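Novice: Dumping the structure here so I can ask a few things about it.
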Amino acid sequence: MSNETNKAQDNQVEEIVEGELLNENGAEATDEASLMDELTQANFRVEELEKALQEAEAKVDAQKDSVIRAAAEVDNIRRRSAMDVEKAHKFALEKFINELLPVLDNMERALQGTDAEAEATKAIYEGVELTAKSFVSTVEKFGLVQVDPQGDAFNPELHQAIGMQPSADFPANTVMMVMQKGYTLNERLLRPAMVMVSQG
């Protein structure tokens, strides 16, 4: 009886040990499977995050490019506006001065029509001369410059040739007579000087 009891107890112990081993192996297999599932899910999650990061970086690059372009456009607009304002300041008087040019021409004609030496016209001549000088000096403060090319080489950018004449006193292509003076405003030609050019 005691042998059978011992055998029964041994069998029970072996069954318990085998059951525990099976439970441990099953638990290990289950742990490994769940660990593999977690790693696979983590890998998928990492791939999703990398893809999202690449998309975000591409979006940031595109926005950087648009911001740079917008800044350049604003800078160009600012520069153009500054140039427009500068031109407006420089040439705001252009129409007004164009209306005054005939007055200057008439004063010069008055000087040419009177004699500075004759007693009857001397006072008139001096008054017109002083007025013309004062007038010219006033408009010169605003950038108006007289073009009086008597004796200079002919320059088609500043002079308008009325005709050509042979001359022993002037070399070829030299302004020998000025019919009407020209004017520039801040280096922009308002009116070319009307001149007679020597043929030499």
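Letters A, B, ... go to the chains of the structure tokens in the order shown; residues in each chain start at 1; ligands are counted from 1 in the same order.
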I need the residues in stretch 25-153 of chain A that are strand (DSSP E) according to DSSP; give them as a list in words.
Specialist: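 DSSP-assigned strand (DSSP E) residues in stretch 25-153 of chain A: Leu144, Val145, Gln146 and Val147 of chain A.
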Novice: What are the nearest atom pairs, with distances in Å to one decimal, for all residues of stretch 100-168 of chain A that come at most 10 Å from stretch 69-93 of chain A, using only C-alpha atoms, set out by chain and rising residue number as a tab-separated table?
Specialist:
```
residue	atom	partner	partner_atom	distance
A:Val139	CA	A:Leu93	CA	9.9
A:Phe142	CA	A:Leu93	CA	8.2
A:Gly143	CA	A:Lys90	CA	8.1
A:Leu144	CA	A:Leu93	CA	9.6
```
Novice: How far is it from atom CA of A:Lys95 to atom CA of A:Arg191, in Å with one decimal?
Specialist: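 Spanning atom CA of A:Lys95 to atom CA of A:Arg191 is a straight-line distance of 11.9 Å.
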Novice: Identify which of the residues A:Gln160, A:Thr30, A:Gln199, A:Thr114 lies closest to A:Met179, counting only C-alpha atoms when measuring atom-to-atom distances.
Specialist: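 Checking each of A:Gln160, A:Thr30, A:Gln199, A:Thr114 against A:Met179, counting only C-alpha atoms, the winner is A:Gln160.
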Novice: Pick out the residues sitting within 12 Å of A:Pro156, and hand them over as a list in words; count only C-alpha atoms, and ignore anything fewer than 4 positions along from it in its own chain.
Specialist: Pro149, Asp152, Gln160, Ala161, Ile162, Asn173, Thr174, Val175, Leu189, Pro192, Ala193, Met194, Val195 and Val197 of chain A
Novice: Can those selected residues be exported to a file as a CSV table (one decimal), in the first residue's frame so that it contains N, CA, C and O atoms?
Specialist:
```csv
chain,number,residue,atom,x,y,z
A,149,PRO,N,24.9,126.1,-76.0
A,149,PRO,CA,26.1,125.4,-76.5
A,149,PRO,C,26.9,126.2,-77.5
A,149,PRO,O,27.6,125.6,-78.4
A,152,ASP,N,30.3,124.9,-78.8
A,152,ASP,CA,30.5,123.5,-78.4
A,152,ASP,C,30.3,122.6,-79.6
A,152,ASP,O,29.7,122.9,-80.6
A,160,GLN,N,19.1,120.6,-81.2
A,160,GLN,CA,18.3,120.3,-82.4
A,160,GLN,C,18.9,121.2,-83.5
A,160,GLN,O,18.8,122.4,-83.4
A,161,ALA,N,19.4,120.6,-84.5
A,161,ALA,CA,20.0,121.4,-85.6
A,161,ALA,C,18.9,121.9,-86.5
A,161,ALA,O,18.1,121.2,-87.0
A,162,ILE,N,19.0,123.2,-86.7
A,162,ILE,CA,18.1,123.9,-87.7
A,162,ILE,C,18.6,123.8,-89.1
A,162,ILE,O,17.9,123.6,-90.1
A,173,ASN,N,30.9,120.4,-87.5
A,173,ASN,CA,30.1,119.9,-86.5
A,173,ASN,C,30.2,120.6,-85.1
A,173,ASN,O,30.2,120.1,-84.1
A,174,THR,N,30.4,121.9,-85.3
A,174,THR,CA,30.4,122.8,-84.1
A,174,THR,C,29.2,123.7,-84.1
A,174,THR,O,28.8,124.2,-85.2
A,175,VAL,N,28.6,124.0,-83.0
A,175,VAL,CA,27.5,124.9,-82.9
A,175,VAL,C,28.0,126.4,-83.1
A,175,VAL,O,28.8,126.9,-82.3
A,189,LEU,N,16.2,116.2,-70.2
A,189,LEU,CA,16.1,117.2,-71.2
A,189,LEU,C,14.6,117.6,-71.3
A,189,LEU,O,13.7,116.8,-71.5
A,192,PRO,N,15.4,120.8,-76.2
A,192,PRO,CA,16.7,120.9,-76.8
A,192,PRO,C,17.0,122.3,-77.3
A,192,PRO,O,16.1,123.1,-77.6
A,193,ALA,N,18.3,122.6,-77.4
A,193,ALA,CA,18.7,123.9,-77.9
A,193,ALA,C,18.6,123.9,-79.4
A,193,ALA,O,19.0,122.9,-80.0
A,194,MET,N,18.0,124.9,-80.0
A,194,MET,CA,17.9,125.0,-81.4
A,194,MET,C,19.1,125.7,-82.0
A,194,MET,O,19.3,126.9,-81.6
A,195,VAL,N,19.9,125.0,-82.8
A,195,VAL,CA,21.2,125.6,-83.2
A,195,VAL,C,21.5,125.5,-84.6
A,195,VAL,O,20.8,124.7,-85.4
A,197,VAL,N,24.6,124.6,-87.2
A,197,VAL,CA,25.8,123.8,-87.1
A,197,VAL,C,26.8,124.2,-88.2
A,197,VAL,O,26.3,124.4,-89.4
```
Novice: For atom CA of A:Asn106 and atom CA of A:Lys122, determine how far apart the two atoms are, in Å to one decimal place.
Specialist: 17.7 Å
